[in-house]
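**Student:** Got model_6.cif for you, mmCIF, C-alpha atoms (C1' of nucleotides):
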```cif
data_model
#
loop_
_atom_site.label_atom_id
_atom_site.label_comp_id
_atom_site.auth_asym_id
_atom_site.auth_seq_id
_atom_site.Cartn_x
_atom_site.Cartn_y
_atom_site.Cartn_z
CA MET V 29 77.14 91.09 154.47
CA LYS V 30 78.54 93.21 157.24
CA ARG V 31 80.87 95.32 155.12
CA LYS V 32 80.20 99.01 155.33
CA PRO V 33 79.85 101.09 152.20
CA SER V 34 82.61 103.56 151.38
CA THR V 35 82.03 107.27 151.74
CA GLU V 36 81.83 107.52 147.98
CA ALA V 37 79.20 104.79 147.70
CA THR V 38 77.10 106.40 150.39
CA ALA V 39 77.39 109.79 148.74
CA ALA V 40 76.34 108.25 145.44
CA TRP V 41 73.33 106.64 147.09
CA ILE V 42 72.24 109.90 148.64
CA ARG V 43 72.55 111.78 145.40
CA LEU V 44 70.77 109.12 143.44
CA MET V 45 67.81 109.46 145.81
CA ARG V 46 67.81 113.22 146.06
CA VAL V 47 68.51 114.15 142.50
CA GLN V 48 65.99 111.72 141.09
CA SER V 49 63.35 112.99 143.41
CA ARG V 50 64.02 116.61 142.57
CA VAL V 51 64.21 116.11 138.85
CA LEU V 52 61.10 113.96 138.82
CA ASP V 53 59.23 116.51 140.89
CA ALA V 54 60.29 119.29 138.59
CA VAL V 55 59.18 117.44 135.49
CA GLU V 56 55.88 116.24 136.98
CA GLN V 57 55.21 119.74 138.17
CA GLU V 58 55.62 121.18 134.71
CA LEU V 59 53.28 118.65 133.21
CA LYS V 60 50.77 119.36 135.90
CA LYS V 61 51.00 123.10 135.39
CA ALA V 62 50.34 122.54 131.71
CA GLY V 63 47.16 120.71 132.70
CA PHE V 64 48.33 117.20 131.92
CA PRO V 65 47.77 114.01 133.90
CA PRO V 66 50.60 112.22 135.75
CA LEU V 67 53.53 110.64 133.96
CA ALA V 68 52.26 107.13 134.59
CA TRP V 69 49.38 107.86 132.24
CA TYR V 70 51.80 108.96 129.61
CA ASP V 71 53.84 105.81 129.95
CA ALA V 72 50.78 103.65 129.54
CA LEU V 73 49.53 105.60 126.54
CA LEU V 74 52.96 105.37 124.96
CA GLU V 75 53.10 101.62 125.39
CA LEU V 76 49.63 101.21 124.00
CA SER V 77 50.29 103.47 121.04
CA ARG V 78 53.34 101.42 120.16
CA ALA V 79 51.54 98.12 120.30
CA PRO V 80 50.79 96.54 116.91
CA SER V 81 47.16 97.58 116.61
CA GLY V 82 47.05 99.98 119.50
CA GLU V 83 45.96 97.32 121.89
CA MET V 84 47.52 94.95 124.34
CA ARG V 85 46.77 92.69 127.27
CA PRO V 86 46.96 94.22 130.73
CA VAL V 87 49.56 91.60 131.58
CA GLU V 88 51.76 92.86 128.76
CA LEU V 89 51.38 96.42 129.87
CA GLU V 90 52.29 95.38 133.35
CA LYS V 91 55.51 93.77 132.16
CA GLN V 92 56.47 96.72 129.99
CA MET V 93 55.85 99.27 132.67
CA LEU V 94 57.31 97.26 135.52
CA ILE V 95 54.44 98.07 137.82
CA PRO V 96 52.37 95.64 139.86
CA GLN V 97 49.25 94.00 138.56
CA TYR V 98 46.72 95.89 140.68
CA SER V 99 48.36 99.10 139.72
CA THR V 100 47.91 98.36 136.05
CA SER V 101 44.33 97.38 136.63
CA ARG V 102 43.49 100.70 138.25
CA LEU V 103 45.51 102.75 135.80
CA ILE V 104 43.47 101.21 133.01
CA ASP V 105 40.29 102.07 134.91
CA ARG V 106 41.32 105.72 134.94
CA LEU V 107 42.31 105.78 131.29
CA VAL V 108 39.00 104.21 130.36
CA ASP V 109 37.09 106.65 132.55
CA GLU V 110 38.71 109.51 130.69
CA GLY V 111 38.03 108.03 127.30
CA LEU V 112 41.71 107.55 126.54
CA ALA V 113 41.49 103.80 126.25
CA ALA V 114 38.82 101.14 125.93
CA ARG V 115 38.53 97.60 127.18
CA ARG V 116 37.89 94.96 124.59
CA GLU V 117 36.88 91.41 125.15
CA CYS V 118 39.54 88.78 124.56
CA LYS V 119 38.01 85.93 122.63
CA ILE V 120 40.78 83.44 122.97
CA ASP V 121 41.01 83.76 126.75
CA LYS V 122 37.86 84.74 128.55
CA ARG V 123 39.66 85.60 131.76
CA GLY V 124 41.50 88.28 129.92
CA GLN V 125 40.83 91.34 127.86
CA PHE V 126 42.50 93.74 125.51
CA VAL V 127 43.05 97.40 126.18
CA GLU V 128 42.95 99.61 123.15
CA ILE V 129 44.09 103.18 122.94
CA THR V 130 41.52 105.63 121.55
CA GLU V 131 42.08 108.53 119.20
CA ALA V 132 41.87 110.87 122.18
CA GLY V 133 44.51 108.76 123.87
CA ARG V 134 46.86 109.03 120.93
CA GLU V 135 46.39 112.75 120.75
CA LEU V 136 47.03 113.22 124.43
CA GLN V 137 50.17 111.13 124.23
CA LYS V 138 51.51 113.33 121.46
CA LYS V 139 50.65 116.56 123.22
CA MET V 140 52.16 115.33 126.44
CA TRP V 141 55.34 114.34 124.67
CA SER V 142 55.99 117.86 123.57
CA ALA V 143 55.66 119.18 127.11
CA TYR V 144 57.46 116.19 128.53
CA SER V 145 60.37 116.35 126.15
CA ALA V 146 60.76 120.05 126.79
CA ALA V 147 60.90 119.31 130.50
CA ILE V 148 63.52 116.61 130.00
CA GLU V 149 65.58 119.01 127.95
CA LYS V 150 65.22 121.71 130.57
CA HIS V 151 66.03 119.59 133.59
CA VAL V 152 68.46 117.07 132.16
CA GLY V 153 69.57 117.83 128.63
CA SER V 154 70.55 121.41 129.20
CA LYS V 155 72.65 120.54 132.23
CA LEU V 156 74.77 117.80 130.71
CA SER V 157 76.71 117.43 127.48
CA ASP V 158 75.77 114.41 125.43
CA ALA V 159 79.02 112.80 126.39
CA ASP V 160 78.33 113.31 130.07
CA ALA V 161 74.80 112.07 129.70
CA ALA V 162 76.18 108.92 128.12
CA LYS V 163 78.68 108.54 130.97
CA LEU V 164 75.85 108.91 133.46
CA CYS V 165 73.88 106.24 131.65
CA GLY V 166 76.82 103.90 131.79
CA LEU V 167 77.30 104.36 135.50
CA LEU V 168 73.60 104.03 136.27
CA ASP V 169 73.35 100.89 134.21
CA ARG V 170 75.94 99.28 136.40
CA LEU V 171 73.61 99.76 139.34
CA GLY V 172 70.42 98.76 137.68
CA CYS V 173 71.48 95.37 136.38
CA SER V 174 70.33 96.52 132.96
CA CYS V 175 67.17 98.46 132.24
CA GLY V 176 66.27 95.93 129.61
CA GLU V 177 66.72 97.08 126.06
CA ALA V 178 64.42 100.01 126.56
CA GLN V 179 67.07 102.51 125.57
CA LEU V 180 66.75 101.90 121.88
CA LEU V 181 63.01 102.23 121.67
CA ALA V 182 62.84 104.89 124.24
CA ALA V 183 64.06 108.00 122.63
CA ARG V 184 62.32 107.62 119.33
CA ASP V 185 59.08 109.38 119.98
CA GLY V 186 58.60 109.37 123.70
CA ALA V 187 60.23 108.15 126.82
CA PRO V 188 58.82 105.92 129.50
CA ALA V 189 59.62 106.73 133.08
CA ARG V 190 59.60 104.62 136.22
CA MET T 14 61.60 125.98 125.36
CA LYS T 15 60.80 123.94 122.28
CA ARG T 16 64.17 122.28 121.89
CA LYS T 17 64.01 118.52 122.04
CA PRO T 18 66.33 116.58 124.29
CA SER T 19 69.09 114.54 122.68
CA THR T 20 68.92 110.77 122.67
CA GLU T 21 71.60 110.72 125.34
CA ALA T 22 69.70 113.08 127.61
CA THR T 23 66.52 111.08 127.25
CA ALA T 24 68.36 107.85 127.97
CA ALA T 25 69.89 109.43 131.05
CA TRP T 26 66.47 110.55 132.23
CA ILE T 27 65.01 107.09 131.81
CA ARG T 28 67.85 105.45 133.66
CA LEU T 29 67.76 107.95 136.43
CA MET T 30 64.09 107.12 137.00
CA ARG T 31 64.39 103.39 136.62
CA VAL T 32 67.59 102.75 138.45
CA GLN T 33 66.65 104.91 141.38
CA SER T 34 63.34 103.19 141.69
CA ARG T 35 64.87 99.74 141.56
CA VAL T 36 67.67 100.47 143.96
CA LEU T 37 65.35 102.20 146.39
CA ASP T 38 62.90 99.33 146.23
CA ALA T 39 65.65 96.84 146.84
CA VAL T 40 66.96 98.70 149.86
CA GLU T 41 63.52 99.39 151.34
CA GLN T 42 62.65 95.76 150.83
CA GLU T 43 65.65 94.58 152.79
CA LEU T 44 64.87 96.87 155.67
CA LYS T 45 61.30 95.71 155.65
CA LYS T 46 62.30 92.07 155.62
CA ALA T 47 64.50 92.74 158.61
CA GLY T 48 61.43 94.10 160.38
CA PHE T 49 62.32 97.77 160.24
CA PRO T 50 60.09 100.75 159.49
CA PRO T 51 60.41 102.76 156.27
CA LEU T 52 63.47 104.82 155.40
CA ALA T 53 61.74 108.10 156.12
CA TRP T 54 61.63 107.13 159.78
CA TYR T 55 65.32 106.48 159.71
CA ASP T 56 66.02 109.84 158.15
CA ALA T 57 64.04 111.62 160.80
CA LEU T 58 65.66 109.69 163.64
CA LEU T 59 69.07 110.43 162.20
CA GLU T 60 68.38 114.14 162.02
CA LEU T 61 67.05 114.18 165.54
CA SER T 62 69.94 112.17 166.92
CA ARG T 63 72.36 114.64 165.38
CA ALA T 64 70.66 117.68 166.83
CA PRO T 65 72.47 119.32 169.76
CA SER T 66 70.39 117.84 172.56
CA GLY T 67 68.50 115.30 170.54
CA GLU T 68 65.67 117.67 169.88
CA MET T 69 64.61 120.08 167.20
CA ARG T 70 61.67 122.07 165.93
CA PRO T 71 59.45 120.41 163.36
CA VAL T 72 60.24 123.30 161.05
CA GLU T 73 63.93 122.47 161.24
CA LEU T 74 63.29 118.84 160.56
CA GLU T 75 61.21 119.82 157.60
CA LYS T 76 64.03 121.87 156.13
CA GLN T 77 66.63 119.19 156.73
CA MET T 78 64.56 116.45 155.21
CA LEU T 79 63.16 118.48 152.34
CA ILE T 80 59.66 117.19 152.86
CA PRO T 81 56.48 119.24 153.13
CA GLN T 82 55.14 120.54 156.39
CA TYR T 83 52.16 118.23 156.73
CA SER T 84 54.34 115.29 155.96
CA THR T 85 56.67 116.17 158.81
CA SER T 86 53.72 116.62 161.12
CA ARG T 87 52.40 113.16 160.43
CA LEU T 88 55.79 111.52 160.49
CA ILE T 89 56.31 112.92 163.96
CA ASP T 90 52.91 111.56 164.97
CA ARG T 91 54.02 108.09 164.00
CA LEU T 92 57.37 108.34 165.71
CA VAL T 93 55.66 109.52 168.87
CA ASP T 94 53.07 106.74 168.66
CA GLU T 95 55.89 104.21 168.55
CA GLY T 96 57.75 105.80 171.43
CA LEU T 97 60.70 106.76 169.26
CA ALA T 98 60.30 110.47 169.85
CA ALA T 99 58.43 112.78 172.20
CA ARG T 100 56.86 116.17 171.75
CA ARG T 101 58.04 118.85 174.15
CA GLU T 102 56.52 122.20 174.71
CA CYS T 103 58.37 125.18 173.30
CA LYS T 104 58.41 127.91 175.88
CA ILE T 105 59.67 130.72 173.77
CA ASP T 106 57.08 130.21 171.03
CA LYS T 107 53.82 128.69 172.10
CA ARG T 108 52.72 127.90 168.59
CA GLY T 109 55.65 125.61 168.27
CA GLN T 110 57.13 122.60 169.98
CA PHE T 111 60.27 120.57 170.20
CA VAL T 112 60.58 116.99 169.11
CA GLU T 113 63.02 114.97 171.11
CA ILE T 114 64.39 111.57 170.21
CA THR T 115 63.98 108.92 172.90
CA GLU T 116 66.46 106.24 173.92
CA ALA T 117 64.41 103.74 171.93
CA GLY T 118 64.66 106.06 168.95
CA ARG T 119 68.43 106.25 169.22
CA GLU T 120 68.70 102.51 169.46
CA LEU T 121 66.48 101.93 166.47
CA GLN T 122 68.46 104.41 164.42
CA LYS T 123 71.66 102.55 165.18
CA LYS T 124 70.20 99.15 164.45
CA MET T 125 68.69 100.39 161.23
CA TRP T 126 71.98 101.87 160.15
CA SER T 127 73.68 98.53 160.23
CA ALA T 128 71.01 96.98 158.01
CA TYR T 129 70.78 100.10 155.88
CA SER T 130 74.50 100.45 155.34
CA ALA T 131 74.74 96.79 154.43
CA ALA T 132 72.02 97.34 151.86
CA ILE T 133 73.79 100.37 150.40
CA GLU T 134 76.96 98.37 150.14
CA LYS T 135 75.14 95.52 148.50
CA HIS T 136 73.18 97.55 145.98
CA VAL T 137 75.55 100.42 145.30
CA GLY T 138 78.98 100.02 146.84
CA SER T 139 79.67 96.57 145.52
CA LYS T 140 78.73 97.54 141.98
CA LEU T 141 80.92 100.59 141.61
CA SER T 142 84.52 101.40 142.39
CA ASP T 143 85.01 104.38 144.65
CA ALA T 144 86.28 106.36 141.69
CA ASP T 145 83.18 105.54 139.67
CA ALA T 146 80.93 106.34 142.60
CA ALA T 147 82.62 109.71 142.83
CA LYS T 148 82.14 110.26 139.10
CA LEU T 149 78.49 109.39 139.45
CA CYS T 150 78.16 111.88 142.29
CA GLY T 151 79.70 114.56 140.17
CA LEU T 152 77.35 113.96 137.28
CA LEU T 153 74.27 113.77 139.48
CA ASP T 154 75.23 116.97 141.26
CA ARG T 155 75.14 118.77 137.96
CA LEU T 156 71.49 117.83 137.64
CA GLY T 157 70.48 118.51 141.18
CA CYS T 158 71.73 122.07 141.46
CA SER T 159 73.60 121.01 144.57
CA CYS T 160 72.28 118.71 147.24
CA GLY T 161 73.28 121.22 149.86
CA GLU T 162 76.34 120.35 151.89
CA ALA T 163 74.78 117.11 153.06
CA GLN T 164 77.60 115.02 151.65
CA LEU T 165 80.01 115.80 154.42
CA LEU T 166 77.70 115.01 157.28
CA ALA T 167 76.05 112.22 155.48
CA ALA T 168 78.47 109.38 155.53
CA ARG T 169 79.65 109.73 159.07
CA ASP T 170 77.25 107.51 160.87
CA GLY T 171 74.23 107.24 158.72
CA ALA T 172 72.88 108.51 155.46
CA PRO T 173 69.69 110.40 154.82
CA ALA T 174 67.67 109.53 151.76
CA ARG T 175 65.12 111.48 149.76
"C1'" DT I 26 37.00 63.65 132.24
"C1'" DC I 27 37.79 65.93 136.12
"C1'" DA I 28 40.22 67.70 140.11
"C1'" DA I 29 44.45 70.49 141.37
"C1'" DG I 30 46.96 74.17 140.32
"C1'" DA I 31 48.20 78.21 137.71
"C1'" DT I 32 46.91 82.60 135.59
"C1'" DT I 33 44.06 86.88 134.65
"C1'" DG I 34 42.11 90.63 136.41
"C1'" DA I 35 39.32 93.11 140.15
"C1'" DT I 36 38.68 94.81 144.77
"C1'" DG I 37 38.39 95.84 150.04
"C1'" DC I 38 41.32 97.72 153.30
"C1'" DA I 39 44.98 100.28 155.44
"C1'" DG I 40 48.51 103.61 155.02
"C1'" DC I 41 50.73 107.46 152.81
"C1'" DT I 42 50.73 111.87 149.88
"C1'" DG I 43 49.22 116.28 148.30
"C1'" DC I 44 46.16 120.12 148.72
"C1'" DA I 45 43.55 123.30 151.08
"C1'" DT I 46 42.03 124.92 155.22
"C1'" DT I 47 41.94 125.59 160.18
"C1'" DT I 48 43.71 126.81 164.69
"C1'" DA I 49 46.75 129.05 167.50
"C1'" DG I 50 50.15 132.17 168.44
"C1'" DT I 51 53.65 136.01 167.11
"C1'" DA I 52 55.17 140.48 165.28
"C1'" DG I 53 54.88 144.96 163.35
"C1'" DG I 54 52.68 149.31 162.33
"C1'" DC I 55 49.73 152.78 163.78
"C1'" DG F 6 46.37 148.58 172.81
"C1'" DC F 7 44.71 146.68 168.52
"C1'" DC F 8 44.32 145.37 163.81
"C1'" DT F 9 46.61 143.07 160.09
"C1'" DA F 10 49.88 140.06 158.31
"C1'" DC F 11 52.70 136.26 159.06
"C1'" DT F 12 54.37 131.72 160.90
"C1'" DA F 13 53.84 126.95 163.34
"C1'" DA F 14 51.50 122.99 163.30
"C1'" DA F 15 47.35 120.00 162.66
"C1'" DT F 16 43.67 118.03 159.98
"C1'" DG F 17 39.75 116.70 156.59
"C1'" DC F 18 39.45 115.05 152.11
"C1'" DA F 19 40.61 112.87 147.82
"C1'" DG F 20 43.69 110.06 145.30
"C1'" DC F 21 47.26 106.61 144.94
"C1'" DT F 22 50.00 102.43 146.65
"C1'" DG F 23 50.74 97.99 148.55
"C1'" DC F 24 48.90 93.80 150.35
"C1'" DA F 25 45.94 90.15 150.55
"C1'" DT F 26 42.28 87.99 148.64
"C1'" DC F 27 38.67 86.81 145.40
"C1'" DA F 28 36.27 85.09 141.27
"C1'" DA F 29 36.62 83.43 136.85
"C1'" DT F 30 38.89 80.87 133.60
"C1'" DC F 31 42.51 78.07 131.65
"C1'" DT F 32 45.90 74.08 131.77
"C1'" DT F 33 47.67 69.83 133.19
"C1'" DG F 34 48.02 65.29 134.16
"C1'" DA F 35 46.32 61.09 136.20
#
```
Mind converting the file's structure to structure tokens?
**Tutor:**
Amino acid sequence: MKRKPSTEATAAWIRLMRVQSRVLDAVEQELKKAGFPPLAWYDALLELSRAPSGEMRPVELEKQMLIPQYSTSRLIDRLVDEGLAARRECKIDKRGQFVEITEAGRELQKKMWSAYSAAIEKHVGSKLSDADAAKLCGLLDRLGCSCGEAQLLAARDGAPAR
Amino acid sequence: MKRKPSTEATAAWIRLMRVQSRVLDAVEQELKKAGFPPLAWYDALLELSRAPSGEMRPVELEKQMLIPQYSTSRLIDRLVDEGLAARRECKIDKRGQFVEITEAGRELQKKMWSAYSAAIEKHVGSKLSDADAAKLCGLLDRLGCSCGEAQLLAARDGAPAR
DNA sequence: TCAAGATTGATGCAGCTGCATTTAGTAGGC
DNA sequence: GCCTACTAAATGCAGCTGCATCAATCTTGA
């Protein structure tokens, strides 16, 4: 546990932190300038819109998005406040509930995706060949101990972040 | 501006977000468990300790760390509160000031670096050969439009994040 | 059947971030 | 000298995050 990282490993660490932060900032900024809410909202709407009947349990959402429970709870609050989702009672488990995406929520998700995908293209796609992007994925995966199987779903009609 | 990103680019984006977040969390968590303050403190202490006489202007620090002005201001507050740095009057420009690292600050920086470097080794170094780490750097640099020349300084006796 | 423990979701509090503004001082033009 | 524009740093406010905890409900097993 006392071994020091190589120069290369340290450099990779620094770049991973810096580049992610810059690219994320750039993308978030573009969405914001276009008048859209933060990416986390998009991720939630995407998950909901993909769910069988547009609804899921907060616990599910939490697992999909890899964010803590309280964070999910408050994110749902905000979506509900904005009319993008609605809480529904869960009859089989009265502790729980269902969250259902509304029409407005679906529309926003779609609109955001066109701005979001353009931003991804601008800040990632246009700077890397597909082959290099794939190489980057491979290297990153080695660090992340697998991102789950998200990759297959992901690029179909919207990409989750975080 | 309407071109959609390729599947590869989208996958790279997702991984960049996810892997960074996981690796950062893991490293921050280890520092926290060892009783250390957040990484941002480390970064600031490192910059200060490298400055000619252990002191620099907040504006400098801000540029080095790539964080906004108000963020620097408050970070310095916290360092000063903990006795890790001290504010010194700036005689040539009375609007300004110098921030000087204290002995305690230097010690903390060193102690943190041993925990921090171990964490980098654990979560990055041990998962990638040096050649692969270098490849990863190269690919990330293409996205980041250059991280500045930080790489050379970086790995000498401590690495900045963010 | 009922108490112990687990699970679902909400919430009070503290700390951090971003944004906008304020305060104080400097510099340049006239 | 003096007015305007600029720069250095701090700060009030709102929003978000993490942590710990709470209340309600469900599950289990004796």
**Student:** Applying 12 Å and all atoms listed in the file, which residues near Ala99 in chain T remain after dropping the ones on its own chain fewer than 5 positions away? List them as a PyMOL selection string.
**Tutor:** chain T and resi 58+61+67-71+89-94+110-118
**Student:** Evaluate the PyMOL selection byres ((chain F) within 9 of (chain T)) and record the selected residues as a ChimeraX atom specification, following the chain and residue labels used in the document.
**Tutor:** /F:12-15
**Student:** Which residue is closest to chain V? Choose from T:Ala64, T:Leu97, T:Ala53, T:Ala146 and count all atoms listed in the file.
**Tutor:**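 Closest residue, counting all atoms listed in the file: T:Ala146.
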**Student:** Hey, could you lay chain T over chain V with a least-squares C-alpha fit (all atoms, paired in order) and save it as a tab-separated table (two decimals) with C-alpha atoms, keeping the file's coordinate frame?
**Tutor:**
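To be explicit, this is the file written out as result.tsv:
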```
chain	number	residue	atom	x	y	z
T	14	MET	CA	77.08	91.15	154.48
T	15	LYS	CA	78.56	93.24	157.26
T	16	ARG	CA	80.88	95.33	155.13
T	17	LYS	CA	80.18	99.03	155.35
T	18	PRO	CA	79.83	101.11	152.23
T	19	SER	CA	82.59	103.57	151.40
T	20	THR	CA	82.00	107.28	151.74
T	21	GLU	CA	81.82	107.52	147.96
T	22	ALA	CA	79.18	104.81	147.70
T	23	THR	CA	77.08	106.41	150.39
T	24	ALA	CA	77.36	109.80	148.73
T	25	ALA	CA	76.31	108.25	145.44
T	26	TRP	CA	73.31	106.65	147.10
T	27	ILE	CA	72.21	109.92	148.64
T	28	ARG	CA	72.53	111.79	145.40
T	29	LEU	CA	70.75	109.15	143.46
T	30	MET	CA	67.79	109.47	145.82
T	31	ARG	CA	67.79	113.23	146.06
T	32	VAL	CA	68.49	114.16	142.50
T	33	GLN	CA	65.99	111.73	141.10
T	34	SER	CA	63.34	113.00	143.42
T	35	ARG	CA	64.01	116.62	142.57
T	36	VAL	CA	64.20	116.11	138.85
T	37	LEU	CA	61.09	113.97	138.82
T	38	ASP	CA	59.22	116.51	140.89
T	39	ALA	CA	60.28	119.29	138.59
T	40	VAL	CA	59.17	117.44	135.48
T	41	GLU	CA	55.88	116.24	136.98
T	42	GLN	CA	55.21	119.75	138.16
T	43	GLU	CA	55.62	121.19	134.69
T	44	LEU	CA	53.27	118.66	133.20
T	45	LYS	CA	50.76	119.36	135.90
T	46	LYS	CA	50.99	123.09	135.39
T	47	ALA	CA	50.34	122.53	131.71
T	48	GLY	CA	47.16	120.70	132.70
T	49	PHE	CA	48.33	117.18	131.94
T	50	PRO	CA	47.77	114.00	133.93
T	51	PRO	CA	50.61	112.23	135.76
T	52	LEU	CA	53.55	110.62	133.98
T	53	ALA	CA	52.28	107.12	134.59
T	54	TRP	CA	49.39	107.85	132.25
T	55	TYR	CA	51.82	108.96	129.62
T	56	ASP	CA	53.86	105.81	129.97
T	57	ALA	CA	50.81	103.65	129.55
T	58	LEU	CA	49.56	105.60	126.54
T	59	LEU	CA	52.98	105.38	124.96
T	60	GLU	CA	53.12	101.63	125.39
T	61	LEU	CA	49.65	101.22	123.99
T	62	SER	CA	50.31	103.50	121.04
T	63	ARG	CA	53.36	101.44	120.17
T	64	ALA	CA	51.55	98.14	120.28
T	65	PRO	CA	50.81	96.57	116.88
T	66	SER	CA	47.18	97.62	116.60
T	67	GLY	CA	47.08	100.01	119.49
T	68	GLU	CA	45.99	97.34	121.89
T	69	MET	CA	47.56	94.98	124.35
T	70	ARG	CA	46.79	92.71	127.26
T	71	PRO	CA	46.99	94.22	130.72
T	72	VAL	CA	49.58	91.59	131.54
T	73	GLU	CA	51.79	92.87	128.74
T	74	LEU	CA	51.41	96.42	129.87
T	75	GLU	CA	52.33	95.36	133.34
T	76	LYS	CA	55.54	93.76	132.15
T	77	GLN	CA	56.49	96.71	129.98
T	78	MET	CA	55.89	99.25	132.67
T	79	LEU	CA	57.32	97.23	135.53
T	80	ILE	CA	54.45	98.04	137.83
T	81	PRO	CA	52.39	95.59	139.87
T	82	GLN	CA	49.27	93.95	138.59
T	83	TYR	CA	46.74	95.84	140.68
T	84	SER	CA	48.39	99.07	139.75
T	85	THR	CA	47.95	98.33	136.07
T	86	SER	CA	44.35	97.38	136.65
T	87	ARG	CA	43.54	100.68	138.28
T	88	LEU	CA	45.54	102.73	135.83
T	89	ILE	CA	43.51	101.21	133.03
T	90	ASP	CA	40.33	102.07	134.93
T	91	ARG	CA	41.35	105.71	134.95
T	92	LEU	CA	42.35	105.78	131.32
T	93	VAL	CA	39.04	104.22	130.38
T	94	ASP	CA	37.11	106.66	132.58
T	95	GLU	CA	38.75	109.52	130.72
T	96	GLY	CA	38.07	108.02	127.32
T	97	LEU	CA	41.75	107.56	126.56
T	98	ALA	CA	41.52	103.80	126.25
T	99	ALA	CA	38.84	101.15	125.92
T	100	ARG	CA	38.56	97.62	127.19
T	101	ARG	CA	37.92	94.97	124.56
T	102	GLU	CA	36.92	91.43	125.12
T	103	CYS	CA	39.57	88.79	124.54
T	104	LYS	CA	38.04	85.95	122.62
T	105	ILE	CA	40.79	83.44	122.97
T	106	ASP	CA	41.02	83.78	126.75
T	107	LYS	CA	37.87	84.81	128.51
T	108	ARG	CA	39.62	85.66	131.73
T	109	GLY	CA	41.51	88.31	129.92
T	110	GLN	CA	40.86	91.38	127.84
T	111	PHE	CA	42.53	93.78	125.49
T	112	VAL	CA	43.08	97.42	126.19
T	113	GLU	CA	42.98	99.62	123.16
T	114	ILE	CA	44.12	103.21	122.94
T	115	THR	CA	41.53	105.63	121.57
T	116	GLU	CA	42.09	108.53	119.20
T	117	ALA	CA	41.87	110.87	122.19
T	118	GLY	CA	44.53	108.77	123.89
T	119	ARG	CA	46.86	109.04	120.92
T	120	GLU	CA	46.39	112.76	120.77
T	121	LEU	CA	47.04	113.23	124.45
T	122	GLN	CA	50.18	111.14	124.24
T	123	LYS	CA	51.51	113.34	121.48
T	124	LYS	CA	50.65	116.57	123.23
T	125	MET	CA	52.17	115.33	126.45
T	126	TRP	CA	55.34	114.34	124.67
T	127	SER	CA	55.99	117.86	123.55
T	128	ALA	CA	55.65	119.19	127.10
T	129	TYR	CA	57.46	116.19	128.53
T	130	SER	CA	60.37	116.34	126.14
T	131	ALA	CA	60.74	120.05	126.78
T	132	ALA	CA	60.89	119.31	130.48
T	133	ILE	CA	63.53	116.61	130.00
T	134	GLU	CA	65.57	119.01	127.95
T	135	LYS	CA	65.21	121.69	130.56
T	136	HIS	CA	66.01	119.58	133.59
T	137	VAL	CA	68.45	117.07	132.15
T	138	GLY	CA	69.55	117.81	128.61
T	139	SER	CA	70.55	121.39	129.18
T	140	LYS	CA	72.65	120.52	132.20
T	141	LEU	CA	74.76	117.79	130.68
T	142	SER	CA	76.69	117.40	127.46
T	143	ASP	CA	75.73	114.38	125.41
T	144	ALA	CA	79.00	112.75	126.36
T	145	ASP	CA	78.32	113.28	130.05
T	146	ALA	CA	74.77	112.04	129.69
T	147	ALA	CA	76.15	108.90	128.11
T	148	LYS	CA	78.65	108.51	130.95
T	149	LEU	CA	75.85	108.89	133.44
T	150	CYS	CA	73.86	106.22	131.63
T	151	GLY	CA	76.78	103.88	131.79
T	152	LEU	CA	77.27	104.35	135.50
T	153	LEU	CA	73.58	104.02	136.29
T	154	ASP	CA	73.31	100.87	134.21
T	155	ARG	CA	75.91	99.27	136.40
T	156	LEU	CA	73.60	99.76	139.36
T	157	GLY	CA	70.41	98.76	137.67
T	158	CYS	CA	71.48	95.37	136.37
T	159	SER	CA	70.31	96.48	132.95
T	160	CYS	CA	67.17	98.44	132.25
T	161	GLY	CA	66.23	95.93	129.61
T	162	GLU	CA	66.66	97.06	126.03
T	163	ALA	CA	64.35	100.00	126.57
T	164	GLN	CA	67.00	102.51	125.56
T	165	LEU	CA	66.66	101.88	121.87
T	166	LEU	CA	62.92	102.21	121.69
T	167	ALA	CA	62.80	104.87	124.27
T	168	ALA	CA	64.01	107.98	122.61
T	169	ARG	CA	62.23	107.58	119.33
T	170	ASP	CA	59.03	109.38	120.00
T	171	GLY	CA	58.57	109.39	123.69
T	172	ALA	CA	60.23	108.15	126.81
T	173	PRO	CA	58.82	105.91	129.49
T	174	ALA	CA	59.61	106.69	133.09
T	175	ARG	CA	59.64	104.56	136.21
```
**Student:** Considering all atoms listed in the file, give me a table of residues in chain I that are at most 9 Å from chain V, with the closest atom pair and distance in Å for each, as CSV.
**Tutor:**
```
residue,atom,partner,partner_atom,distance
I:DT32,C1',V:Arg123,CA,8.7
I:DT33,C1',V:Arg123,CA,5.4
I:DG34,C1',V:Gly124,CA,6.9
I:DA35,C1',V:Ser101,CA,7.5
```
**Student:** Got a sec to pull out which chain V residues are within 8 Å of chain T, counting all atoms listed in the file, and send them as a ChimeraX atom specification?
**Tutor:** /V:29-52,142,145-146,148-153,155-156,158-162,164-165,167-172,175,179,182-183,187-190
**Student:** Which residues fall under the PyMOL selection byres ((chain F and resi 10) around 10) in this file, as a PyMOL selection string?
**Tutor:** (chain I and resi 52-53) or (chain F and resi 8-9+11-12)
**Student:** Which is closest to Glu135 in chain V among V:Gln92, V:Ser99, V:Leu67, V:Gly111, if we use only C-alpha atoms?
**Tutor:**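 The shortest atom-to-atom distance to Glu135 in chain V comes from V:Gly111.
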**Student:** Taking the file above as input, evaluate the PyMOL selection byres ((chain F and resi 33) around 10) and report the hits as a ChimeraX atom specification.
**Tutor:** /I:29-31 /F:31-32,34-35
**Student:** I need the residues from that last selection saved to file as a short mmCIF file (atom, residue, chain, number, x, y, z; two decimals), keeping the file's coordinate frame (with C-alpha atoms (C1' of nucleotides)), if you can.
**Tutor:**
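Full text of part.cif as output:
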```cif
data_model
loop_
_atom_site.label_atom_id
_atom_site.label_comp_id
_atom_site.auth_asym_id
_atom_site.auth_seq_id
_atom_site.Cartn_x
_atom_site.Cartn_y
_atom_site.Cartn_z
"C1'" DA I 29 44.45 70.49 141.37
"C1'" DG I 30 46.96 74.17 140.32
"C1'" DA I 31 48.20 78.21 137.71
"C1'" DC F 31 42.51 78.07 131.65
"C1'" DT F 32 45.90 74.08 131.77
"C1'" DG F 34 48.02 65.29 134.16
"C1'" DA F 35 46.32 61.09 136.20
#
```
